[in-house]
file data-v2.txt (compact mmCIF, C-alpha atoms)
# COMPACT_ATOMS: atom_id res chain seq x y z
CA MET X 1 27.56 -17.18 -9.14
CA ILE X 2 27.17 -20.95 -9.48
CA ASP X 3 28.19 -22.43 -12.82
CA ARG X 4 25.85 -24.71 -14.74
CA GLU X 5 27.67 -27.91 -13.85
CA LYS X 6 27.56 -27.17 -10.13
CA LYS X 7 23.90 -26.20 -10.41
CA GLU X 8 23.12 -29.50 -12.08
CA GLU X 9 24.96 -31.41 -9.36
CA ILE X 10 23.06 -29.68 -6.52
CA PHE X 11 19.80 -30.08 -8.41
CA ASN X 12 20.35 -33.81 -8.89
CA GLN X 13 21.09 -34.24 -5.17
CA LEU X 14 17.89 -32.42 -4.22
CA MET X 15 15.84 -34.40 -6.70
CA GLU X 16 17.36 -37.65 -5.49
CA SER X 17 16.31 -36.85 -1.94
CA PHE X 18 12.80 -35.91 -3.14
CA SER X 19 12.63 -39.03 -5.26
CA SER X 20 13.52 -41.20 -2.23
CA PHE X 21 10.73 -39.61 -0.25
CA ILE X 22 8.20 -40.17 -3.05
CA ARG X 23 9.24 -43.82 -3.42
CA SER X 24 8.96 -44.47 0.33
CA HIS X 25 5.65 -42.59 0.47
CA ILE X 26 4.21 -44.70 -2.34
CA LEU X 27 5.35 -47.88 -0.65
CA LYS X 28 4.15 -46.80 2.79
CA TYR X 29 0.62 -46.01 1.64
CA ASN X 30 0.52 -48.60 -1.11
CA LEU X 31 -0.23 -45.90 -3.64
CA GLN X 32 0.94 -47.99 -6.59
CA ARG X 33 -2.44 -49.67 -6.40
CA PHE X 34 -3.87 -46.35 -7.64
CA GLY X 35 -1.35 -46.16 -10.44
CA LEU X 36 1.03 -43.69 -8.85
CA GLU X 37 4.59 -44.25 -10.02
CA ALA X 38 7.38 -42.41 -8.25
CA GLU X 39 9.33 -41.94 -11.47
CA ASP X 40 6.39 -40.31 -13.29
CA LEU X 41 6.04 -37.60 -10.70
CA VAL X 42 9.77 -37.12 -10.18
CA GLN X 43 10.53 -36.93 -13.91
CA GLU X 44 7.75 -34.46 -14.54
CA ILE X 45 8.93 -32.18 -11.74
CA LYS X 46 12.56 -32.65 -12.71
CA LEU X 47 12.02 -31.54 -16.30
CA LYS X 48 9.92 -28.52 -15.47
CA VAL X 49 12.04 -27.37 -12.55
CA TRP X 50 15.36 -27.68 -14.40
CA LYS X 51 13.94 -25.49 -17.12
CA ILE X 52 13.21 -22.81 -14.52
CA ILE X 53 16.65 -23.03 -12.96
CA ASP X 54 18.42 -23.05 -16.31
CA ASP X 55 16.30 -20.28 -17.76
CA GLU X 56 15.99 -18.14 -14.67
CA LYS X 57 16.48 -14.81 -16.46
CA THR X 58 13.43 -15.14 -18.71
CA ILE X 59 11.02 -15.91 -15.85
CA ASN X 60 9.49 -13.03 -13.99
CA CYS X 61 9.60 -14.45 -10.46
CA PRO X 62 11.38 -17.83 -10.44
CA PRO X 63 10.68 -18.79 -6.76
CA SER X 64 6.92 -18.41 -7.01
CA TYR X 65 6.83 -19.98 -10.47
CA LEU X 66 8.88 -22.91 -9.20
CA LYS X 67 6.55 -23.36 -6.22
CA LYS X 68 3.54 -23.31 -8.52
CA VAL X 69 5.06 -25.86 -10.92
CA ILE X 70 5.87 -28.36 -8.15
CA GLU X 71 2.56 -27.76 -6.40
CA SER X 72 0.51 -28.30 -9.56
CA ALA X 73 2.45 -31.48 -10.43
CA VAL X 74 1.73 -32.88 -6.94
CA ILE X 75 -1.91 -31.76 -7.06
CA ASP X 76 -2.35 -33.51 -10.43
CA GLN X 77 -1.07 -36.72 -8.87
CA ILE X 78 -3.35 -36.30 -5.84
CA ARG X 79 -6.33 -35.81 -8.15
CA ARG X 80 -5.38 -38.97 -10.03
CA ILE X 81 -5.11 -40.91 -6.76
CA ARG X 82 -8.47 -39.58 -5.56
CA LYS X 83 -10.15 -40.51 -8.82
CA GLU X 84 -8.80 -44.06 -8.67
CA GLU X 85 -9.56 -44.23 -4.95
CA GLU X 86 -13.17 -43.23 -5.55
CA ILE X 87 -13.65 -45.99 -8.12
CA PHE X 88 -11.96 -48.47 -5.80
CA TYR X 89 -14.07 -47.32 -2.85
CA SER X 90 -17.42 -47.47 -4.62
CA GLU X 91 -16.63 -50.96 -5.99
CA ARG X 92 -15.66 -52.06 -2.51
CA GLN X 93 -18.79 -50.60 -0.92
CA LYS X 94 -20.87 -52.42 -3.49
CA LEU X 95 -19.20 -55.72 -2.61
CA ILE X 96 -19.56 -55.12 1.15
CA SER X 97 -23.24 -54.30 0.83
CA GLU X 98 -23.72 -57.54 -1.07
CA ILE X 99 -21.86 -59.65 1.51
CA GLU X 100 -22.65 -57.71 4.74
CA PRO X 101 -25.96 -55.92 4.35
CA ARG X 102 -25.47 -54.12 7.67
CA GLY X 103 -22.54 -52.11 6.27
CA SER X 104 -18.85 -51.74 6.75
CA SER X 105 -17.18 -51.65 10.11
CA TYR X 106 -14.07 -49.84 8.84
CA ASN X 107 -14.48 -47.06 11.40
CA GLU X 108 -14.08 -49.51 14.20
CA GLN X 109 -10.72 -50.65 12.84
CA PHE X 110 -9.05 -47.41 13.84
CA GLY X 111 -9.72 -48.43 17.41
CA SER X 112 -10.17 -46.48 20.58
CA LEU X 113 -6.65 -44.99 20.58
CA LYS X 114 -7.36 -42.82 17.55
CA GLU X 115 -10.62 -41.56 18.96
CA LEU X 116 -8.99 -40.93 22.32
CA MET X 117 -6.17 -38.87 20.81
CA ILE X 118 -8.50 -36.84 18.61
CA LYS X 119 -10.88 -36.15 21.47
CA ALA X 120 -8.01 -35.20 23.78
CA ALA X 121 -6.42 -32.87 21.20
CA ASP X 122 -9.78 -31.26 20.49
CA ARG X 123 -10.08 -30.32 24.16
CA LEU X 124 -6.92 -28.18 24.00
CA LEU X 125 -7.03 -24.39 23.90
CA ASP X 126 -7.39 -23.18 20.31
CA SER X 127 -4.02 -21.42 20.31
CA ARG X 128 -2.22 -24.58 21.45
CA LYS X 129 -4.35 -27.09 19.55
CA THR X 130 -3.11 -26.30 16.01
CA VAL X 131 0.55 -26.29 17.09
CA VAL X 132 0.19 -29.62 18.95
CA LYS X 133 -1.70 -31.22 16.08
CA LEU X 134 0.95 -30.15 13.55
CA TYR X 135 3.64 -31.54 15.86
CA LEU X 136 1.77 -34.84 16.12
CA LEU X 137 1.49 -34.80 12.32
CA ASN X 138 5.29 -35.03 12.34
CA MET X 139 6.17 -31.43 11.63
CA SER X 140 9.29 -29.83 13.07
CA LEU X 141 9.25 -26.72 15.25
CA PRO X 142 10.75 -24.45 12.54
CA GLU X 143 8.23 -25.78 10.02
CA ILE X 144 5.30 -25.10 12.34
CA SER X 145 6.60 -21.58 13.07
CA ASP X 146 7.00 -20.94 9.37
CA TYR X 147 3.58 -22.21 8.32
CA LEU X 148 1.70 -20.43 11.11
CA ASN X 149 3.78 -17.23 10.88
CA TYR X 150 4.75 -17.51 14.56
CA SER X 151 8.16 -16.88 16.08
CA GLN X 152 9.99 -20.05 17.10
CA ALA X 153 9.86 -18.97 20.76
CA LYS X 154 6.08 -18.54 20.59
CA THR X 155 5.66 -21.89 18.82
CA ARG X 156 7.88 -23.67 21.37
CA ASN X 157 5.92 -22.15 24.23
CA LEU X 158 2.54 -23.12 22.76
CA LEU X 159 3.80 -26.61 21.96
CA TYR X 160 5.23 -27.35 25.42
CA ARG X 161 2.15 -26.07 27.19
CA GLY X 162 -0.11 -27.86 24.72
CA LEU X 163 1.69 -31.19 25.12
CA GLU X 164 1.53 -30.89 28.92
CA ASP X 165 -2.20 -30.23 28.69
CA LEU X 166 -2.63 -33.13 26.26
CA LYS X 167 -0.92 -35.56 28.63
CA LYS X 168 -3.14 -34.43 31.50
CA ILE X 169 -6.24 -34.83 29.36
CA LEU X 170 -5.15 -38.30 28.19
CA ILE X 171 -4.56 -39.39 31.81
CA GLU X 172 -7.97 -38.01 32.73
CA MET X 173 -9.40 -40.02 29.85
CA GLY X 174 -7.78 -43.22 31.09
CA LEU X 175 -4.48 -43.47 29.18
CA THR X 176 -1.75 -44.50 31.65
CA ASN X 177 1.29 -42.29 31.95
CA GLU X 178 3.82 -45.11 32.04
CA ARG X 179 2.89 -47.18 29.01
CA GLU X 180 0.68 -44.59 27.34
CA ARG X 181 -1.87 -47.27 26.54
CA PRO X 182 -5.52 -47.27 27.52
CA LYS X 183 -6.22 -49.04 30.82
CA SER X 184 -8.93 -51.23 29.46
CA MET P 1 11.91 -32.14 22.83
CA LYS P 2 11.46 -34.64 25.66
CA GLU P 3 11.53 -38.34 24.93
CA LYS P 4 8.07 -38.68 26.40
CA ASP P 5 6.71 -36.12 23.90
CA GLN P 6 8.40 -37.99 21.07
CA ASN P 7 6.76 -41.18 22.28
CA LEU P 8 3.42 -39.44 22.24
CA LYS P 9 4.05 -38.41 18.63
CA ASN P 10 5.09 -41.95 17.65
CA LEU P 11 2.07 -43.35 19.42
CA PHE P 12 -0.17 -40.98 17.49
CA THR P 13 1.37 -41.48 14.05
CA SER P 14 1.56 -45.27 14.36
CA GLY P 15 -1.97 -45.54 15.62
CA LEU P 16 -3.55 -43.50 12.89
CA GLU P 17 -2.44 -44.90 9.57
CA PRO P 18 -5.41 -46.18 7.64
CA SER P 19 -5.88 -49.81 6.85
CA GLU P 20 -9.24 -49.13 5.31
CA MET P 21 -10.55 -46.59 2.86
CA VAL P 22 -13.08 -43.93 3.65
CA SER P 23 -15.23 -41.72 1.45
CA ARG P 24 -13.50 -38.50 0.47
CA ALA P 25 -16.68 -36.52 -0.16
CA ASN P 26 -16.10 -34.17 2.78
CA CYS P 27 -12.36 -33.77 2.28
CA PRO P 28 -10.86 -30.47 1.18
CA VAL P 29 -9.84 -30.40 -2.48
CA PRO P 30 -6.08 -30.68 -3.15
CA GLU P 31 -5.84 -26.94 -3.88
CA GLU P 32 -7.23 -26.20 -0.41
CA LEU P 33 -4.67 -28.51 1.14
CA ALA P 34 -1.95 -26.72 -0.83
CA LYS P 35 -3.28 -23.36 0.36
CA PHE P 36 -2.14 -24.28 3.85
CA PHE P 37 1.42 -23.45 2.70
CA ASP P 38 0.40 -20.03 1.41
CA PRO P 39 1.77 -17.39 3.80
CA GLN P 40 -1.27 -15.22 3.05
CA ALA P 41 -3.79 -17.86 4.19
CA SER P 42 -5.54 -17.05 7.47
CA LEU P 43 -4.75 -18.82 10.71
CA GLU P 44 -8.41 -19.81 10.93
CA PHE P 45 -8.21 -21.56 7.57
CA LYS P 46 -4.98 -23.31 8.54
CA SER P 47 -6.49 -24.51 11.84
CA LYS P 48 -9.46 -25.91 9.93
CA ILE P 49 -7.14 -27.84 7.61
CA VAL P 50 -5.10 -29.15 10.56
CA ASP P 51 -8.28 -30.30 12.32
CA HIS P 52 -9.29 -32.19 9.22
CA LEU P 53 -5.84 -33.72 8.73
CA PHE P 54 -5.90 -34.94 12.30
CA ASP P 55 -9.04 -36.86 11.55
CA CYS P 56 -8.36 -37.95 7.95
CA PRO P 57 -5.42 -40.24 7.17
CA ALA P 58 -6.03 -40.04 3.41
CA CYS P 59 -5.71 -36.28 3.38
CA ARG P 60 -2.74 -36.60 5.65
CA GLN P 61 -0.83 -38.65 3.13
CA GLU P 62 -1.68 -36.14 0.39
CA PHE P 63 -0.65 -33.34 2.67
CA GLU P 64 2.69 -35.09 3.15
CA LEU P 65 3.23 -35.13 -0.61
CA LEU P 66 2.44 -31.42 -0.85
CA ARG P 67 4.63 -30.65 2.13
CA HIS P 68 7.61 -32.38 0.55
CA GLY P 69 6.93 -30.55 -2.69
CA GLU P 70 7.03 -27.29 -0.72
CA ARG P 71 10.28 -28.33 0.89
CA LEU P 72 11.79 -29.17 -2.48
CA ALA P 73 10.76 -25.76 -3.84
CA ALA P 74 12.23 -24.02 -0.77
CA GLU P 75 15.50 -25.93 -1.05
CA ILE P 76 15.87 -25.26 -4.79
CA ASN P 77 15.05 -21.63 -4.21
CA LYS P 78 17.61 -21.39 -1.40
CA GLN P 79 20.42 -23.24 -3.12
CA LEU P 80 19.97 -22.65 -6.82
CA LEU P 81 18.01 -19.51 -7.58
CA LYS P 82 19.30 -16.00 -7.25
CA PRO P 83 17.90 -14.17 -4.21
CA GLN P 84 14.97 -12.04 -5.23
CA LYS P 85 15.11 -8.45 -4.14
CA SER P 86 11.98 -7.24 -2.44
CA PHE P 87 10.19 -4.17 -3.73
CA GLU P 88 11.53 -1.77 -1.12
CA PRO P 89 15.24 -2.31 -1.76
CA LYS P 90 14.47 -2.18 -5.48
CA LEU P 91 12.80 1.16 -4.93
CA GLY P 92 15.74 2.27 -2.79
CA SER P 93 18.24 1.30 -5.45
CA VAL P 94 16.23 3.12 -8.12
CA PHE P 95 16.18 6.30 -6.02
CA SER P 96 19.86 6.07 -5.17
CA SER P 97 21.03 5.20 -8.69
CA SER P 98 22.94 7.87 -10.60
CA LEU P 99 20.67 7.33 -13.60
CA PHE P 100 17.61 8.15 -11.49
CA LEU P 101 19.32 11.26 -10.07
CA LYS P 102 20.22 12.41 -13.59
CA TRP P 103 16.65 11.93 -14.77
CA ALA P 104 15.25 13.65 -11.70
CA GLY P 105 17.65 16.58 -12.13
CA ALA P 106 16.76 16.94 -15.79
CA LEU P 107 13.05 16.79 -15.00
CA VAL P 108 13.27 19.41 -12.26
CA THR P 109 15.32 21.73 -14.49
CA THR P 110 12.86 21.34 -17.36
CA LEU P 111 9.94 22.04 -15.07
CA LEU P 112 11.69 25.11 -13.65
CA ILE P 113 12.46 26.49 -17.13
CA ALA P 114 8.88 25.85 -18.24
CA PHE P 115 7.55 27.58 -15.12
CA CYS P 116 9.79 30.64 -15.64
CA PHE P 117 8.84 30.83 -19.30
CA PHE P 118 5.12 30.69 -18.60
CA TYR P 119 5.47 33.12 -15.70
CA TYR P 120 7.34 35.56 -17.96
CA LEU P 121 4.72 35.22 -20.70
CA ASN P 122 1.91 35.72 -18.26
CA ASP P 123 3.58 38.70 -16.59
CA THR P 124 4.40 40.37 -19.91
CA ALA P 125 0.84 39.88 -21.10
CA ARG P 126 -0.46 41.35 -17.85
CA LYS P 127 1.84 44.36 -18.14
CA ASP P 128 0.92 44.88 -21.80
CA GLN P 129 -2.75 44.87 -20.86
CA GLN P 130 -2.11 47.46 -18.13
CA ILE P 131 -0.20 49.71 -20.53
CA GLU P 132 -2.89 49.38 -23.13
CA ARG P 133 -5.53 50.29 -20.58
CA LYS P 134 -3.53 53.33 -19.43
CA THR P 135 -2.87 54.40 -23.01
CA GLN P 136 -6.56 54.15 -23.73
CA GLU P 137 -7.33 56.31 -20.70
CA ILE P 138 -4.74 58.87 -21.73
CA GLN P 139 -6.02 58.99 -25.30
CA ASN P 140 -9.32 60.11 -23.88
CA MET P 141 -7.67 62.59 -21.58
CA MET P 142 -9.22 66.03 -21.41
CA MET P 143 -6.72 68.73 -22.41
CA SER P 144 -7.46 72.42 -22.59
CA GLU P 145 -5.70 75.73 -22.97
CA GLU P 146 -6.52 79.27 -21.96
CA ILE P 147 -5.05 82.15 -23.96
CA ILE P 148 -5.24 85.76 -22.73
CA GLU P 149 -4.60 87.91 -25.73
CA PHE P 150 -3.02 90.91 -24.10
CA GLU P 151 0.53 92.06 -24.05
CA PRO P 152 2.34 90.04 -22.95
CA LEU P 153 0.52 86.92 -24.20
CA HIS P 154 -0.48 84.45 -21.42
CA ILE P 155 -1.01 80.83 -22.32
CA THR P 156 -2.19 78.37 -19.65
CA LEU P 157 -2.23 74.65 -20.46
CA SER P 158 -4.43 72.33 -18.31
CA TRP P 159 -5.22 68.63 -18.35
CA GLN P 160 -7.15 66.03 -16.51
CA PRO P 161 -5.10 64.08 -13.95
CA ALA P 162 -4.11 60.59 -15.12
CA GLU P 163 -4.37 57.54 -12.85
CA GLU P 164 -0.99 56.15 -11.71
CA ALA P 165 0.85 59.20 -13.05
CA LEU P 166 3.91 60.13 -11.01
CA CYS P 167 4.61 63.35 -12.85
CA TYR P 168 4.04 65.15 -16.11
CA GLN P 169 6.18 66.92 -18.62
CA VAL P 170 4.80 69.24 -21.25
CA GLU P 171 6.32 69.67 -24.70
CA VAL P 172 5.42 72.54 -26.94
CA PHE P 173 6.00 72.58 -30.71
CA ASN P 174 5.73 75.54 -33.13
CA GLN P 175 3.69 75.33 -36.30
CA ASN P 176 6.66 73.72 -38.09
CA MET P 177 6.63 70.94 -35.53
CA TYR P 178 9.89 72.02 -33.91
CA LEU P 179 10.14 71.50 -30.21
CA VAL P 180 10.34 74.91 -28.69
CA TRP P 181 9.91 74.21 -25.04
CA GLN P 182 9.91 71.36 -22.58
CA SER P 183 8.65 71.88 -19.07
CA PRO P 184 10.38 70.54 -16.03
CA PRO P 185 8.66 67.48 -14.50
CA THR P 186 5.67 68.56 -12.50
CA THR P 187 2.92 66.98 -10.46
CA GLU P 188 0.54 69.87 -11.20
CA THR P 189 -2.14 69.53 -13.85
CA SER P 190 -1.74 73.00 -15.32
CA LEU P 191 1.07 75.40 -16.12
CA TYR P 192 1.84 78.73 -17.73
CA LEU P 193 4.03 78.90 -20.78
CA PRO P 194 7.02 81.13 -20.20
CA GLU P 195 6.47 84.61 -21.53
CA LYS P 196 9.31 84.35 -24.09
CA ILE P 197 7.98 81.09 -25.54
CA ALA P 198 4.47 82.49 -25.71
CA THR P 199 5.72 85.56 -27.54
CA ASP P 200 7.65 83.44 -30.04
CA LEU P 201 4.61 81.26 -30.67
CA LYS P 202 2.60 84.39 -31.43
CA ASN P 203 4.56 84.67 -34.70
CA GLY P 204 2.81 81.58 -35.98
CA SER P 205 -0.86 80.93 -36.49
CA TYR P 206 -0.93 77.81 -34.34
CA PHE P 207 1.19 75.58 -32.12
CA PHE P 208 1.10 72.04 -30.79
CA TRP P 209 1.52 70.62 -27.34
CA GLN P 210 1.71 67.22 -25.78
CA ILE P 211 2.07 65.77 -22.29
CA LEU P 212 4.54 63.05 -21.34
CA ILE P 213 3.10 61.05 -18.43
CA TYR P 214 5.60 59.25 -16.21
CA CYS P 215 3.99 56.18 -14.61
CA SER P 216 5.03 54.16 -11.55
CA ASP P 217 6.28 51.22 -13.59
CA GLU P 218 8.90 53.39 -15.33
CA LYS P 219 6.80 53.71 -18.42
CA VAL P 220 6.30 57.01 -20.24
CA ILE P 221 3.04 57.43 -22.09
CA ASP P 222 2.46 60.16 -24.63
CA SER P 223 -0.79 62.05 -24.65
CA PRO P 224 -2.41 62.97 -27.95
CA VAL P 225 -0.92 66.00 -29.67
CA ARG P 226 -3.20 68.96 -29.41
CA LYS P 227 -3.27 71.70 -32.01
CA VAL P 228 -3.99 75.22 -30.74
CA ARG P 229 -4.95 78.03 -33.08
CA LEU P 230 -3.78 81.58 -32.33
CA THR P 231 -5.63 84.64 -33.43
CA PRO P 232 -3.43 86.42 -36.00
CA GLN P 233 -2.28 89.86 -34.89
call {"tool": "encode", "arguments": {"input": "data-v2.txt", "output": "structure tokens"}}
result
Amino acid sequence: MIDREKKEEIFNQLMESFSSFIRSHILKYNLQRFGLEAEDLVQEIKLKVWKIIDDEKTINCPPSYLKKVIESAVIDQIRRIRKEEEIFYSERQKLISEIEPRGSSYNEQFGSLKELMIKAADRLLDSRKTVVKLYLLNMSLPEISDYLNYSQAKTRNLLYRGLEDLKKILIEMGLTNERERPKS
Amino acid sequence: MKEKDQNLKNLFTSGLEPSEMVSRANCPVPEELAKFFDPQASLEFKSKIVDHLFDCPACRQEFELLRHGERLAAEINKQLLKPQKSFEPKLGSVFSSSLFLKWAGALVTTLLIAFCFFYYLNDTARKDQQIERKTQEIQNMMMSEEIIEFEPLHITLSWQPAEEALCYQVEVFNQNMYLVWQSPPTTETSLYLPEKIATDLKNGSYFFWQILIYCSDEKVIDSPVRKVRLTPQ
């Protein structure tokens, strides 16, 4: 049985790590332009979650309640971002249409590498495709196994085979093996 | 994981971050993105979400937020909350607990007592009905006597056979209602009164007789008492 002080210490460590991620995420994607403040989200989650931990006995199923509380706090923030983003986007489109009547060329800015990777990944076998895509989305092997309800051995097998196939497809499509850059 | 595979991942992630905004009209709603982490969600649904994430940097960054939220919940659950027992062990512990065994024992005993009580009541009622039926039959039993008025006096007593009767016993009473003779048990349905008893009865103007019917269920049923008049000498 962990005493309250120890609980608080562990909780603060976990929240500090989460808070660091949120701060770096906001900076990375420049989300402050949509009004997202790391401290708002972290404080909200911190208050609600500590209540669950401290008052565990009165809650019917603390793990699922905890998951729901964090999830809904994050979803609220995502909704807020999307709302701001939509306003920002429509204003921007209006400006672009005024300056460049032929429309935006934002799609072109992602370049041929993005299209190449997406096309190559889409050519993989269905069973391998999802595992490879999750890996490329920066997920770890245990995470992928957990989310897809696969054993780690099965996930590893699908991933290795999928990555081998992906490399072959990319070479076929013109991406060199050495530098992994398109030839042209 | 090989270095080359890691490079492929880095190449992908660095090459896909958005510098421009796109319309989110076709994006899954945040709840759908969150559903990816639901263990009950189908693989088909998850694949669909992954396909979209691969193509949509904006959703990818939201997905990252949700994913870290999930991680935080998992870590808090692992480190700070008490492990939740699943239903099966709970059920097991209930069945193996002494309290449950006591309750189960008490319930079984109560049910057994109730069953015995109702069985006894039912059986008694059934037996009572049978006896009543037999008694009714015996009350309507045909009884007759034949008297030959010569010296010595001959009295023959006869009766209709009773259903389920094992044997009969006849009792004869004088006019003062004293028992004067009791026959040995017999399976016959008629008998002669001993000469001495018949002679003694002749002193009175009438006598009584009755049959005791021994049934298979150890019951003895009395027939009606029949009064027989004798012709005075």
call {"tool": "interface_residues", "arguments": {"input": "data-v2.txt", "of": "chain P", "to": "chain X", "cutoff": "6 Å", "atoms": "only C-alpha atoms", "output": "list of chain:residue names"}}
result
P:Lys9, P:Pro30, P:Ser47, P:Gly69, P:Ala73, P:Asn77
call {"tool": "atom_distance", "arguments": {"input": "data-v2.txt", "atom1": "atom CA of Pro142 of chain X", "atom2": "atom CA of Thr155 of chain X"}}
result
8.5 Å
call {"tool": "closest_residue", "arguments": {"input": "data-v2.txt", "among": "X:Glu84, X:Asp55, X:Ala153, X:Lys46", "to": "Gln32 of chain X", "atoms": "all atoms listed in the file"}}
result
X:Glu84
call {"tool": "residues_around", "arguments": {"input": "data-v2.txt", "residues": "Thr186 of chain P", "least_positions_apart": "3", "cutoff": "12 Å", "atoms": "all atoms listed in the file", "output": "PyMOL selection string"}}
result
chain P and resi 161+165-170+182-183+189-191+211-214
call {"tool": "atom_distance", "arguments": {"input": "data-v2.txt", "atom1": "atom CA of Asn174 of chain P", "atom2": "atom CA of Gln136 of chain P"}}
result
26.4 Å
call {"tool": "atom_distance", "arguments": {"input": "data-v2.txt", "atom1": "atom CA of Phe115 of chain P", "atom2": "atom CA of Ser216 of chain P"}}
result
26.9 Å
call {"tool": "closest_residue", "arguments": {"input": "data-v2.txt", "among": "P:Ile197, P:Cys116, P:Val172, P:Leu80", "to": "Asp3 of chain X", "atoms": "all atoms listed in the file"}}
result
P:Leu80
call {"tool": "residues_around", "arguments": {"input": "data-v2.txt", "residues": "Ser223 of chain P", "least_positions_apart": "2", "cutoff": "9 Å", "atoms": "all atoms listed in the file", "output": "list in words"}}
result
Thr135, Ile138, Gln139, Asn140, Met141, Gln210, Ile211, Leu212, Ile213, Ile221, Val225 and Arg226 of chain P
call {"tool": "residues_around", "arguments": {"input": "data-v2.txt", "residues": "Lys48 of chain P", "least_positions_apart": "2", "cutoff": "12 Å", "atoms": "only C-alpha atoms", "output": "list of chain:residue names"}}
result
X:Asp122, X:Asp126, X:Lys129, X:Thr130, X:Lys133, X:Leu134, P:Cys27, P:Pro28, P:Glu32, P:Leu33, P:Lys35, P:Phe36, P:Ala41, P:Ser42, P:Leu43, P:Glu44, P:Phe45, P:Lys46, P:Val50, P:Asp51, P:His52, P:Leu53, P:Phe54, P:Asp55
call {"tool": "write_last_selection", "arguments": {"input": "data-v2.txt", "atoms": "C-alpha atoms", "output": "tab-separated table (two decimals), in the frame of the given file"}}
result
chain	number	residue	atom	x	y	z
X	122	ASP	CA	-9.78	-31.26	20.49
X	126	ASP	CA	-7.39	-23.18	20.31
X	129	LYS	CA	-4.35	-27.09	19.55
X	130	THR	CA	-3.11	-26.30	16.01
X	133	LYS	CA	-1.70	-31.22	16.08
X	134	LEU	CA	0.95	-30.15	13.55
P	27	CYS	CA	-12.36	-33.77	2.28
P	28	PRO	CA	-10.86	-30.47	1.18
P	32	GLU	CA	-7.23	-26.20	-0.41
P	33	LEU	CA	-4.67	-28.51	1.14
P	35	LYS	CA	-3.28	-23.36	0.36
P	36	PHE	CA	-2.14	-24.28	3.85
P	41	ALA	CA	-3.79	-17.86	4.19
P	42	SER	CA	-5.54	-17.05	7.47
P	43	LEU	CA	-4.75	-18.82	10.71
P	44	GLU	CA	-8.41	-19.81	10.93
P	45	PHE	CA	-8.21	-21.56	7.57
P	46	LYS	CA	-4.98	-23.31	8.54
P	50	VAL	CA	-5.10	-29.15	10.56
P	51	ASP	CA	-8.28	-30.30	12.32
P	52	HIS	CA	-9.29	-32.19	9.22
P	53	LEU	CA	-5.84	-33.72	8.73
P	54	PHE	CA	-5.90	-34.94	12.30
P	55	ASP	CA	-9.04	-36.86	11.55
